[in-house]
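A.B. asks: The structure follows.
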2 protein chains.
Amino acid sequence: MLNLKHLAISSFNENIAYIHRDCSVYKVDDIHSLTKVEIHGGVRPVYAFLQVTDDAKVVKPNELGLNTEAFELINLPEGANISLTLAPPPPSLASVKRKIAGNILSAGEYASVVNDIAGRRYSNMDIASFLVASGSFMTASEVLALTEALVGDNTIRWDNESIVVDHHCFGGVPGNKTDIVITAIVAAYGLPMAKTASRSLTSCAGVADTMSVLANVDFDEDSFKKLVKENRGAIASYHSLSIADASKIVSGVERQIGITQLQHLAASILAIKLAAGVTHLVLDIPVGPQSRIKSTNEAMRLRKLCEYVGDMLSLEIDAVITDGSEPIGCGVGAVLEARDVMKILRNKDDAPQDLLEKSLFLAGRILEFDPKLRGGQGYHVAKEILTSGRALEAMNKIIYAQGKAPQPQLGHLTRDIVATSSGVVESIDNARINKIGVLAGAAQYPGAGLDLLKKVGDRVEQGETLFRIHSVTSTDFAFANSVVDGYTGYEISSGGNKGEF
Amino acid sequence: MLNLKHLAISSFNENIAYIHRDCSVYKVDDIHSLTKVEIHGGVRPVYAFLQVTDDAKVVKPNELGLNTEAFELINLPEGANISLTLAPPPPSLASVKRKIAGNILSAGEYASVVNDIAGRRYSNMDIASFLVASGSFMTASEVLALTEALVGDNTIRWDNESIVVDHHCFGGVPGNKTDIVITAIVAAYGLPMAKTASRSLTSCAGVADTMSVLANVDFDEDSFKKLVKENRGAIASYHSLSIADASKIVSGVERQIGITQLQHLAASILAIKLAAGVTHLVLDIPVGPQSRIKSTNEAMRLRKLCEYVGDMLSLEIDAVITDGSEPIGCGVGAVLEARDVMKILRNKDDAPQDLLEKSLFLAGRILEFDPKLRGGQGYHVAKEILTSGRALEAMNKIIYAQGKAPQPQLGHLTRDIVATSSGVVESIDNARINKIGVLAGAAQYPGAGLDLLKKVGDRVEQGETLFRIHSVTSTDFAFANSVVDGYTGYEISSGGNKGEF
């Protein structure tokens with residue numbers, strides 16, 4: 001028997017067990033690193049992956065160390081007696097092999113795979129294999145099966161609410177934080193909006209990042225429910241809610257390998273919304289050459305897929321394909337985006353009109369989920385709620401209820417990127433803007449990002465500022481500067497001079 | 001700047017950097033676990049994957065911990081000042097995405113992918129993605145490109161040896177340690193046999209495991225060269241040689257995810273042999289329903305693929321397809337296999353005839369690489385070398401030169417599995433035998449394994465022993481016992497009684 005030790009290391013959803021090379025009980029070779037083992041002594045065995053150490057300060061020869069993930073699962077005090085055995089691979093890995101070989105998997109197989117992922121019996125390598133294998137080919141029925149599996153056992157029930165709404169954007173467009181404006185409008189109207197939002201995965205800021213500039217976003221399910229019921233709307237980081245946990249593990253691996261297949265994305269998003277108890281969902285599918293979804297055909301396939309899965313699982317979906325060819329709003333990065341959102345809610349003259357209009361359009365679609373609203377009135381009602389100041393009032397109530405955040409400073413290291421010639425902004429490359437923003441530190445620091453002073457169609461003079469970089473640290477600032485000179489992402493045409501001929 | 005700390009943890013070829021959640025220099029979130037970073041301060045930046053800790057005993061807020069893999073690469077003393085930056089993903093990951101999308105990659109792309117794997121700029125998840133994506137479809141030219149890339153920069157040169165031989169078996173057949181007998185015969189003949197062998201990956205024992213029962217097998221390239229030159233043969237664990245390192249990383253991930261595509265296997269094996277400077281290679285491709293290669297067609301494809309790659313890279317290949325329908329030899333597991341090998345070399349009456357004959361056949365093919373030998377004479381020369389005792393003499397010389405091992409004990413926990421009816425052994429299931437052996441502890445303890453007392457075609461009476469389980473630990477023994485009763489892997493037909501009619 002070995003003594004349990006907790007090593008407070010967080011290893012990205014993998015259970016790691018640390019064993020000394022001169023372990024007093026088990027024979028350990030280098031080759032056994034990452035061997036799957038079962039640790040016995042708790043209520044049920046815990047799967048983990050071995051890492052071998054030569055350092056008695058990490059674990060002594062008579063100890064077995066568990067990282068935080070595994071230690072929480074085994075639920076025993078430090079020093080407890082534990083033993084370990086080699087673990088047979090989880091049987092559902094046979095389904096992963098079948099998928100690699102090109103087969104269609106059954107609903108039962110998806111359920112088993114997801115159950116083993118949720119139980120941390122898959123290494124991140126196993127999950128990556130599953131994702132790459134299934135990503136190359138999945139039928140609509142398979143996506144349905146995967147979605148159902150990802151919903152999991154713990155779902156939020158809304159008791160006597162007959163409609164619970166949400167909105168999701170498939171992303172790839174910098175700025176574009178319609179969600180917060182929409183939540184304010186819908187809450188002011190009175191439909192319960194249970195907005196689950198994510199932290200930045202590969203972009204400059206997720207909705208949860210931007211909202212967290214204004215308010216706390218981390219809640220358990222009960223607090224979230226209470227907030228939505230009392231204020232008719234709340235925005236929570238879904239990472240903090242104990243729902244659709246397998247989906248979090250899977251999307252973590254997707255982020256790491258940098259590959260997201262549309263089928264997985266659809267299954268994962270719909271599973272989260274279903275687990276959150278949402279009944280009516282507006283989906284925004286932006287299309288653009290440098291957006292996540294590149295063609296209308298691809299967007300249409302995604303729309304139909306989501307509609308099919310929604311229909312089968314009783315989730316009402318209104319999916320709209322929108323223009324994702326350029327950034328929406330001016331701010332890119334949490335603090336700058338929050339500034340845009342508050343300008344809109346405050347009806348400021350310099351509020352970005354594209355973000356304003358898109359928010360009204362989408363909020364209108366959500367309001368029309370209300371049977372009491374006359375068809376075609378959604379947009380106008382949304383606009384009235386915004387201009388009357390009721391949306392701002394609702395947002396202030398939400399912020400107060402969620403807990404006002406100490407607003408982070410905008411990054412003080414700035415550089416203006418100027419036009420090298422006069423003309424008209426012809427296009428702005430989403431992917432490039434996102435990259436410059438991420439390098440400027442936007443994914444890590446809320447105060448970092450880009451402020452886009454010119455948008456497509458704007459007239460610029462040579463030397464005029466196109467956008468401003470904000471960084472918090474000098475390292476990030478140097479990074480952003482080192483790439484921006486190569487290609488700013490802005491195309492300026494001399495077409496603006498045409499009027500002079 | 002942070003202070004460097006070494007955490008002597010071995011993480012299976014991944015560079016891990018441990019950072020405190022309250023790091024005094026960098027802002028750390030949970031979501032940054034496994035983020036790729038570059039660590040600066042050494043001669044060149046070292047790529048690593050972050051793990052976040054709350055435990056100041058792991059690393060303090062002003063420290064950055066590196067695991068053994070990363071600490072060796074950065075080559076700085078503990079306490080050195082280092083800084084870190086977010087690392088852009090290695091550009092070759094774009095090729096992995098192209099492969100996932102179904103494209104054919106160029107030789108340059110394979111070179112970049114392998115170079116980044118060797119430089120530990122891929123996480124194991126990235127490698128798994130590459131393997132699954134490329135495994136589903138690779139052209140022969142792609143396998144050639146991958147092989148060339150895997151050979152790497154550090155190769156063994158044999159100066160004035162015009163022929164350097166080796167043998168490789170594609171495996172899946174328990175027992176079957178022809179390699180050691182072959183090495184003894186070929187060395188006695190005088191052709192230099194530079195046998196690179198592997199440790200057990202998924203089987204009961206690799207050739208390196210079995211040889212290490214008799215002698216040391218861990219050498220650097222110079223010692224290995226010296227041993228081969230002086231004794232005309234040596235058997236080294238290729239894990240100990242600094243050649244084809246990317247191939248080791250890749251096969252480690254393959255072992256973890258339990259998936260090996262034939263194209264990868266071919267590329268990996270041929271790359272190792274080319275890196276070892278082998279000029280002439282006999283390949284044994286066993287075919288059987290429960291072997292690694294299940295059909296003659298599949299074996300033929302593998303043979304042609306290896307021949308093509310060999311021809312393009314000037315490696316002379318003689319590939320033979322053999323019967324892999326049942327275990328070869330009686331011992332399964334390192335100590336028992338070494339016993340079989342030594343019985344053959346000592347010309348004992350009870351030496352397993354199948355292993356003896358197969359070894360002579362394959363050794364004969366290798367001897368015929370010698371231009372001086374008359375065609376068709378290989379087998380007879382091999383047999384003469386064996387029966388005359390010259391092979392034993394050569395093996396004793398090799399064992400002495402490599403360093404005689406303190407022979408491990410055969411596992412003392414035993415159980416005889418007996419026939420439940422009389423008849424003739426109709427078939428023995430390789431996969432089942434392997435599984436029982438692995439559960440009995442064979443992959444971990446040289447003394448564990450199975451002793452097959454009956455083989456296909458043997459007459460057995462009810463109650464007579466079919467095979468004997470040997471375990472070293474009671475846990476393994478219980479494991480093996482728990483599965484063996486369900487299905488022993490032996491099929492007994494009553495056909496043996498036919499003669500009585």
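Residues are referred to by chain and number: the chain letter is A, B, ... according to the order shown in the structure tokens, the number counts from 1 in that chain, and ligands are numbered separately from 1 in the order shown.
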Could you tell me, as an MDAnalysis selection string, which residues of range 40-160 of chain A DSSP assigns to helix (DSSP H, G or I) when given the backbone?

C.D. replies: chainID A and resid 68:74 93:100 107:118 124:135 140:151

A.B. asks: Go ahead and save the picked residues with N, CA and C atoms, as a short mmCIF file (atom, residue, chain, number, x, y, z; two decimals), in the first residue's frame.

C.D. replies:
```cif
data_model
loop_
_atom_site.label_atom_id
_atom_site.label_comp_id
_atom_site.auth_asym_id
_atom_site.auth_seq_id
_atom_site.Cartn_x
_atom_site.Cartn_y
_atom_site.Cartn_z
N THR A 68 -4.74 17.61 -8.79
CA THR A 68 -6.00 18.10 -8.21
C THR A 68 -7.21 17.38 -8.78
N GLU A 69 -7.22 17.17 -10.10
CA GLU A 69 -8.35 16.50 -10.74
C GLU A 69 -8.59 15.12 -10.10
N ALA A 70 -7.53 14.32 -9.97
CA ALA A 70 -7.67 12.95 -9.46
C ALA A 70 -7.93 12.95 -7.95
N PHE A 71 -7.29 13.88 -7.25
CA PHE A 71 -7.44 13.94 -5.79
C PHE A 71 -8.89 14.24 -5.41
N GLU A 72 -9.53 15.12 -6.18
CA GLU A 72 -10.94 15.44 -5.90
C GLU A 72 -11.83 14.22 -6.13
N LEU A 73 -11.49 13.45 -7.16
CA LEU A 73 -12.32 12.29 -7.48
C LEU A 73 -12.18 11.17 -6.44
N ILE A 74 -10.96 10.96 -5.94
CA ILE A 74 -10.79 9.82 -5.02
C ILE A 74 -11.38 10.14 -3.66
N LEU A 93 -13.11 2.55 -26.10
CA LEU A 93 -12.04 2.88 -27.05
C LEU A 93 -12.14 2.01 -28.30
N ALA A 94 -12.80 0.85 -28.18
CA ALA A 94 -13.03 0.02 -29.35
C ALA A 94 -13.90 0.77 -30.37
N SER A 95 -14.82 1.59 -29.87
CA SER A 95 -15.66 2.38 -30.79
C SER A 95 -14.83 3.45 -31.48
N VAL A 96 -13.86 4.02 -30.77
CA VAL A 96 -12.99 5.01 -31.40
C VAL A 96 -12.22 4.35 -32.54
N LYS A 97 -11.75 3.12 -32.29
CA LYS A 97 -11.04 2.40 -33.36
C LYS A 97 -11.98 2.13 -34.53
N ARG A 98 -13.23 1.79 -34.22
CA ARG A 98 -14.20 1.57 -35.29
C ARG A 98 -14.44 2.85 -36.09
N LYS A 99 -14.42 3.97 -35.41
CA LYS A 99 -14.63 5.25 -36.11
C LYS A 99 -13.41 5.56 -36.97
N ILE A 100 -12.21 5.28 -36.45
CA ILE A 100 -11.00 5.49 -37.24
C ILE A 100 -11.05 4.65 -38.52
N ALA A 107 -25.89 5.15 -31.33
CA ALA A 107 -26.14 6.07 -30.22
C ALA A 107 -25.55 5.52 -28.93
N GLY A 108 -25.66 4.19 -28.76
CA GLY A 108 -25.11 3.56 -27.55
C GLY A 108 -23.60 3.73 -27.48
N GLU A 109 -22.95 3.64 -28.64
CA GLU A 109 -21.50 3.81 -28.66
C GLU A 109 -21.11 5.25 -28.29
N TYR A 110 -21.82 6.24 -28.86
CA TYR A 110 -21.53 7.63 -28.47
C TYR A 110 -21.74 7.84 -26.98
N ALA A 111 -22.81 7.24 -26.45
CA ALA A 111 -23.09 7.39 -25.02
C ALA A 111 -21.92 6.83 -24.20
N SER A 112 -21.40 5.68 -24.62
CA SER A 112 -20.29 5.06 -23.87
C SER A 112 -19.02 5.90 -23.97
N VAL A 113 -18.74 6.38 -25.18
CA VAL A 113 -17.54 7.21 -25.36
C VAL A 113 -17.61 8.44 -24.47
N VAL A 114 -18.75 9.13 -24.52
CA VAL A 114 -18.88 10.37 -23.75
C VAL A 114 -18.87 10.08 -22.25
N ASN A 115 -19.49 8.99 -21.86
CA ASN A 115 -19.48 8.61 -20.45
C ASN A 115 -18.05 8.36 -19.95
N ASP A 116 -17.23 7.73 -20.78
CA ASP A 116 -15.84 7.48 -20.39
C ASP A 116 -15.01 8.77 -20.40
N ILE A 117 -15.34 9.67 -21.33
CA ILE A 117 -14.64 10.97 -21.33
C ILE A 117 -15.00 11.74 -20.07
N ALA A 118 -16.29 11.78 -19.73
CA ALA A 118 -16.72 12.50 -18.52
C ALA A 118 -16.09 11.90 -17.28
N ASN A 124 -6.06 12.79 -22.91
CA ASN A 124 -6.31 13.82 -23.93
C ASN A 124 -5.93 13.32 -25.32
N MET A 125 -4.93 12.42 -25.39
CA MET A 125 -4.58 11.79 -26.67
C MET A 125 -5.74 10.98 -27.22
N ASP A 126 -6.40 10.23 -26.33
CA ASP A 126 -7.55 9.43 -26.76
C ASP A 126 -8.66 10.33 -27.30
N ILE A 127 -8.88 11.44 -26.59
CA ILE A 127 -9.94 12.36 -27.00
C ILE A 127 -9.58 12.98 -28.36
N ALA A 128 -8.32 13.36 -28.51
CA ALA A 128 -7.88 13.92 -29.81
C ALA A 128 -8.11 12.91 -30.93
N SER A 129 -7.80 11.64 -30.66
CA SER A 129 -8.01 10.60 -31.67
C SER A 129 -9.48 10.50 -32.04
N PHE A 130 -10.33 10.51 -31.04
CA PHE A 130 -11.78 10.43 -31.28
C PHE A 130 -12.24 11.62 -32.12
N LEU A 131 -11.75 12.80 -31.77
CA LEU A 131 -12.20 14.01 -32.48
C LEU A 131 -11.75 14.01 -33.93
N VAL A 132 -10.50 13.65 -34.16
CA VAL A 132 -10.00 13.65 -35.54
C VAL A 132 -10.70 12.56 -36.35
N ALA A 133 -10.89 11.39 -35.73
CA ALA A 133 -11.53 10.29 -36.46
C ALA A 133 -12.98 10.59 -36.77
N SER A 134 -13.73 11.12 -35.80
CA SER A 134 -15.14 11.35 -36.05
C SER A 134 -15.35 12.63 -36.85
N GLY A 135 -14.40 13.56 -36.74
CA GLY A 135 -14.56 14.83 -37.45
C GLY A 135 -14.56 14.66 -38.96
N ALA A 140 -25.86 12.89 -39.72
CA ALA A 140 -26.68 13.74 -38.86
C ALA A 140 -27.15 12.96 -37.63
N SER A 141 -27.45 11.66 -37.81
CA SER A 141 -27.87 10.84 -36.67
C SER A 141 -26.75 10.71 -35.65
N GLU A 142 -25.52 10.63 -36.16
CA GLU A 142 -24.39 10.56 -35.23
C GLU A 142 -24.25 11.86 -34.45
N VAL A 143 -24.44 12.99 -35.11
CA VAL A 143 -24.36 14.27 -34.41
C VAL A 143 -25.45 14.35 -33.34
N LEU A 144 -26.64 13.87 -33.70
CA LEU A 144 -27.74 13.82 -32.73
C LEU A 144 -27.34 12.96 -31.52
N ALA A 145 -26.78 11.78 -31.80
CA ALA A 145 -26.38 10.87 -30.72
C ALA A 145 -25.31 11.51 -29.85
N LEU A 146 -24.34 12.17 -30.48
CA LEU A 146 -23.27 12.82 -29.73
C LEU A 146 -23.84 13.95 -28.86
N THR A 147 -24.76 14.73 -29.44
CA THR A 147 -25.39 15.82 -28.68
C THR A 147 -26.09 15.28 -27.44
N GLU A 148 -26.93 14.28 -27.65
CA GLU A 148 -27.67 13.69 -26.52
C GLU A 148 -26.72 13.21 -25.44
N ALA A 149 -25.63 12.56 -25.87
CA ALA A 149 -24.65 12.04 -24.91
C ALA A 149 -24.00 13.18 -24.14
N LEU A 150 -23.69 14.28 -24.85
CA LEU A 150 -22.97 15.39 -24.21
C LEU A 150 -23.85 16.16 -23.22
N VAL A 151 -25.16 16.09 -23.36
CA VAL A 151 -26.04 16.80 -22.43
C VAL A 151 -25.75 16.35 -20.99
#
```

A.B. asks: Within 6 Å of chain B, which residues of chain A show up? Give each one with its shortest atom-to-atom distance in Å (one decimal) and the two atoms involved, counting only C-alpha atoms, rows by chain then rising residue number, as a Markdown table.

C.D. replies:
```
| residue | atom | partner | partner_atom | distance |
| --- | --- | --- | --- | --- |
| A:Ala8 | CA | B:Asp55 | CA | 5.2 |
| A:Ile9 | CA | B:Thr53 | CA | 4.1 |
| A:Ser10 | CA | B:Val52 | CA | 5.3 |
| A:Ser11 | CA | B:Gln51 | CA | 5.6 |
| A:Phe12 | CA | B:Ser33 | CA | 5.6 |
| A:Ser33 | CA | B:Phe12 | CA | 5.6 |
| A:Gln51 | CA | B:Ser11 | CA | 5.6 |
| A:Val52 | CA | B:Ser10 | CA | 5.3 |
| A:Thr53 | CA | B:Ile9 | CA | 4.1 |
| A:Asp54 | CA | B:Ala8 | CA | 5.3 |
| A:Asp55 | CA | B:Ala8 | CA | 5.2 |
| A:Met125 | CA | B:Met125 | CA | 4.6 |
| A:Asp126 | CA | B:Ile257 | CA | 5.7 |
| A:Ala128 | CA | B:Met125 | CA | 5.7 |
| A:Ser129 | CA | B:Ser129 | CA | 5.8 |
| A:Val132 | CA | B:Ser129 | CA | 6.0 |
| A:Ile257 | CA | B:Asp126 | CA | 5.6 |
```

A.B. asks: Just the strand (DSSP E or B) stuff from range 268-377 of chain A, please, per backbone DSSP, written as JSON, numbers by chain.

C.D. replies: {"A": [280, 281, 282, 283, 284, 285, 286, 287, 293, 316, 317, 318, 319, 320, 321, 322, 323, 328, 331, 332]}

A.B. asks: Quick one: residues within 12 Å of Asn297 in chain A, only C-alpha atoms counted, chain neighbours fewer than 3 positions away excluded, as a ChimeraX atom specification?

C.D. replies: /A:285,287-288,293-294,300-304,321

A.B. asks: Take the residues just selected and output them with N, CA and C atoms as a PDB file, in the first residue's frame.

C.D. replies:
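Okay, this is what ended up in selection-v6.pdb:
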```
ATOM      1  N   ILE A 285     -25.073  32.571 -37.363  1.00  0.00           N
ATOM      2  CA  ILE A 285     -24.010  31.883 -38.122  1.00  0.00           C
ATOM      3  C   ILE A 285     -23.378  32.897 -39.076  1.00  0.00           C
ATOM      4  N   VAL A 287     -20.895  34.382 -41.801  1.00  0.00           N
ATOM      5  CA  VAL A 287     -20.133  33.829 -42.923  1.00  0.00           C
ATOM      6  C   VAL A 287     -19.193  34.889 -43.464  1.00  0.00           C
ATOM      7  N   GLY A 288     -17.956  34.524 -43.651  1.00  0.00           N
ATOM      8  CA  GLY A 288     -17.005  35.461 -44.255  1.00  0.00           C
ATOM      9  C   GLY A 288     -15.744  34.716 -44.631  1.00  0.00           C
ATOM     10  N   ILE A 293     -16.796  30.253 -40.407  1.00  0.00           N
ATOM     11  CA  ILE A 293     -17.544  29.592 -41.479  1.00  0.00           C
ATOM     12  C   ILE A 293     -17.365  30.415 -42.751  1.00  0.00           C
ATOM     13  N   LYS A 294     -16.797  29.746 -43.766  1.00  0.00           N
ATOM     14  CA  LYS A 294     -16.266  30.491 -44.910  1.00  0.00           C
ATOM     15  C   LYS A 294     -17.251  30.660 -46.063  1.00  0.00           C
ATOM     16  N   MET A 300     -25.193  26.896 -44.406  1.00  0.00           N
ATOM     17  CA  MET A 300     -26.494  26.257 -44.608  1.00  0.00           C
ATOM     18  C   MET A 300     -26.464  24.834 -44.052  1.00  0.00           C
ATOM     19  N   ARG A 301     -25.361  24.123 -44.291  1.00  0.00           N
ATOM     20  CA  ARG A 301     -25.249  22.757 -43.745  1.00  0.00           C
ATOM     21  C   ARG A 301     -25.314  22.788 -42.218  1.00  0.00           C
ATOM     22  N   LEU A 302     -24.617  23.755 -41.632  1.00  0.00           N
ATOM     23  CA  LEU A 302     -24.612  23.870 -40.172  1.00  0.00           C
ATOM     24  C   LEU A 302     -26.012  24.202 -39.662  1.00  0.00           C
ATOM     25  N   ARG A 303     -26.713  25.114 -40.383  1.00  0.00           N
ATOM     26  CA  ARG A 303     -28.068  25.492 -39.980  1.00  0.00           C
ATOM     27  C   ARG A 303     -28.981  24.277 -39.970  1.00  0.00           C
ATOM     28  N   LYS A 304     -28.953  23.530 -41.089  1.00  0.00           N
ATOM     29  CA  LYS A 304     -29.845  22.366 -41.220  1.00  0.00           C
ATOM     30  C   LYS A 304     -29.523  21.317 -40.143  1.00  0.00           C
ATOM     31  N   ILE A 321     -28.238  33.270 -40.833  1.00  0.00           N
ATOM     32  CA  ILE A 321     -26.911  33.399 -41.433  1.00  0.00           C
ATOM     33  C   ILE A 321     -26.645  34.882 -41.623  1.00  0.00           C
TER      34      ILE A 321
END
```

A.B. asks: Skip Leu283 in chain B itself and residues of its chain fewer than 4 positions away, then list as a list in words all residues within 6 Å of it, counting only C-alpha atoms.

C.D. replies: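 Residues near the query, excluding close chain neighbours: His167, His168, Cys169 and Ala319 of chain B.
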
A.B. asks: Using only C-alpha atoms, which residues sit within 10 Å of Glu461 in chain B once same-chain residues fewer than 6 positions away are excluded, as a list in words?

C.D. replies: Val418, Ala419, Thr420, Ser421, Ser422, Gly423, Val424 and Gly496 of chain B

A.B. asks: Of the candidates A:Leu265, A:Ile243, A:Met395, A:Val186, which one gets nearest to Gly378 in chain A if we count only C-alpha atoms?

C.D. replies: A:Val186

A.B. asks: Applying 10 Å and only C-alpha atoms, which residues near range 345-362 of chain A remain after dropping the ones on its own chain fewer than 6 positions away? List them as a PyMOL selection string.

C.D. replies: chain A and resi 167+175-185+282-284+318+320+322-323+327-331+339+378-396+455

A.B. asks: Any chance you can output those residues with C-alpha atoms as a PDB file, in the first residue's frame?

C.D. replies:
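In the end it all went to selection22.pdb:
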```
ATOM      1  CA  HIS A 167     -28.580  33.164 -28.154  1.00  0.00           C
ATOM      2  CA  GLY A 175     -15.831  42.316 -31.568  1.00  0.00           C
ATOM      3  CA  ASN A 176     -19.413  41.182 -32.150  1.00  0.00           C
ATOM      4  CA  LYS A 177     -20.572  41.046 -28.518  1.00  0.00           C
ATOM      5  CA  THR A 178     -24.263  41.214 -29.413  1.00  0.00           C
ATOM      6  CA  ASP A 179     -25.033  38.783 -26.591  1.00  0.00           C
ATOM      7  CA  ILE A 180     -24.761  41.324 -23.800  1.00  0.00           C
ATOM      8  CA  VAL A 181     -26.952  43.911 -25.548  1.00  0.00           C
ATOM      9  CA  ILE A 182     -29.451  41.160 -26.430  1.00  0.00           C
ATOM     10  CA  THR A 183     -29.586  39.929 -22.839  1.00  0.00           C
ATOM     11  CA  ALA A 184     -30.349  43.438 -21.588  1.00  0.00           C
ATOM     12  CA  ILE A 185     -33.157  43.921 -24.119  1.00  0.00           C
ATOM     13  CA  VAL A 282     -31.421  31.938 -31.773  1.00  0.00           C
ATOM     14  CA  LEU A 283     -28.275  30.879 -33.577  1.00  0.00           C
ATOM     15  CA  ASP A 284     -26.130  33.445 -35.356  1.00  0.00           C
ATOM     16  CA  ASP A 318     -34.154  30.020 -35.183  1.00  0.00           C
ATOM     17  CA  VAL A 320     -29.814  33.087 -39.044  1.00  0.00           C
ATOM     18  CA  THR A 322     -25.253  36.819 -41.080  1.00  0.00           C
ATOM     19  CA  ASP A 323     -22.457  38.832 -42.669  1.00  0.00           C
ATOM     20  CA  PRO A 327     -15.295  42.820 -37.405  1.00  0.00           C
ATOM     21  CA  ILE A 328     -18.521  44.018 -35.738  1.00  0.00           C
ATOM     22  CA  GLY A 329     -18.195  46.966 -33.375  1.00  0.00           C
ATOM     23  CA  CYS A 330     -14.976  48.897 -32.761  1.00  0.00           C
ATOM     24  CA  GLY A 331     -13.495  47.233 -29.694  1.00  0.00           C
ATOM     25  CA  ARG A 339     -17.098  49.921 -23.659  1.00  0.00           C
ATOM     26  CA  GLY A 378     -39.655  41.922 -32.595  1.00  0.00           C
ATOM     27  CA  TYR A 379     -37.169  44.415 -34.022  1.00  0.00           C
ATOM     28  CA  HIS A 380     -39.345  47.451 -33.264  1.00  0.00           C
ATOM     29  CA  VAL A 381     -40.056  46.329 -29.712  1.00  0.00           C
ATOM     30  CA  ALA A 382     -36.326  45.680 -29.178  1.00  0.00           C
ATOM     31  CA  LYS A 383     -35.482  49.138 -30.503  1.00  0.00           C
ATOM     32  CA  GLU A 384     -38.054  50.799 -28.281  1.00  0.00           C
ATOM     33  CA  ILE A 385     -36.684  48.965 -25.238  1.00  0.00           C
ATOM     34  CA  LEU A 386     -33.152  50.123 -26.087  1.00  0.00           C
ATOM     35  CA  THR A 387     -33.874  53.764 -26.910  1.00  0.00           C
ATOM     36  CA  SER A 388     -36.166  54.205 -23.921  1.00  0.00           C
ATOM     37  CA  GLY A 389     -33.311  53.294 -21.584  1.00  0.00           C
ATOM     38  CA  ARG A 390     -35.095  50.203 -20.273  1.00  0.00           C
ATOM     39  CA  ALA A 391     -32.328  47.954 -21.618  1.00  0.00           C
ATOM     40  CA  LEU A 392     -29.687  49.970 -19.717  1.00  0.00           C
ATOM     41  CA  GLU A 393     -31.810  49.757 -16.603  1.00  0.00           C
ATOM     42  CA  ALA A 394     -32.110  45.963 -16.994  1.00  0.00           C
ATOM     43  CA  MET A 395     -28.356  45.638 -17.536  1.00  0.00           C
ATOM     44  CA  ASN A 396     -27.569  47.713 -14.446  1.00  0.00           C
ATOM     45  CA  LYS A 455     -14.363  50.245 -40.593  1.00  0.00           C
TER      46      LYS A 455
END
```

A.B. asks: With distances taken over only C-alpha atoms, which of A:Val25, A:Leu466, A:Ala197, A:Ala267 is nearest to Lys60 in chain A?

C.D. replies: A:Val25

A.B. asks: Tell me, as JSON, numbers by chain, which residues lie within 12 Å of Asp218 in chain A, counting only C-alpha atoms; anything in the same chain fewer than 5 positions away does not count.

C.D. replies: {"A": [196, 197, 198, 199, 208, 209, 211, 212, 223, 224, 227, 234, 235, 236, 237, 238, 239, 240, 241, 242, 402, 403, 405]}

A.B. asks: Can those selected residues be exported to a file as a compact mmCIF listing (two decimals), in the first residue's frame so that it contains C-alpha atoms?

C.D. replies:
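Final file, selection05.txt:
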```txt
# COMPACT_ATOMS: atom_id res chain seq x y z
CA THR A 196 -24.40 30.63 -20.88
CA ALA A 197 -21.19 32.10 -22.24
CA SER A 198 -17.68 30.88 -22.76
CA ARG A 199 -14.26 32.22 -21.96
CA ALA A 208 -17.86 35.57 -20.57
CA ASP A 209 -14.58 37.53 -20.71
CA MET A 211 -19.14 40.37 -19.35
CA SER A 212 -16.64 39.75 -16.56
CA SER A 223 -27.45 30.92 -8.13
CA PHE A 224 -27.73 31.17 -11.90
CA LEU A 227 -30.51 35.39 -10.99
CA ALA A 234 -28.19 36.55 -16.44
CA ILE A 235 -24.88 35.85 -18.14
CA ALA A 236 -22.85 32.99 -16.65
CA SER A 237 -19.58 31.44 -17.67
CA TYR A 238 -20.61 27.91 -18.54
CA HIS A 239 -17.24 26.73 -17.22
CA SER A 240 -18.50 27.57 -13.71
CA LEU A 241 -21.76 25.63 -14.07
CA SER A 242 -21.65 21.87 -13.45
CA GLN A 402 -24.36 39.32 -10.43
CA GLY A 403 -21.90 41.46 -8.50
CA ALA A 405 -16.70 43.85 -11.20
```

A.B. asks: Rounded to one decimal in Å, what is the spacing between CA of Val37 in chain B and CA of Val472 in chain A?

C.D. replies: 18.0 Å

A.B. asks: Which residue gives the smallest distance to Asp429 in chain B among B:Val173, B:Ala80, B:Ala363, B:Ala266, with only C-alpha atoms counted?

C.D. replies: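 Residue with the minimum atom-to-atom distance to Asp429 in chain B: B:Val173.
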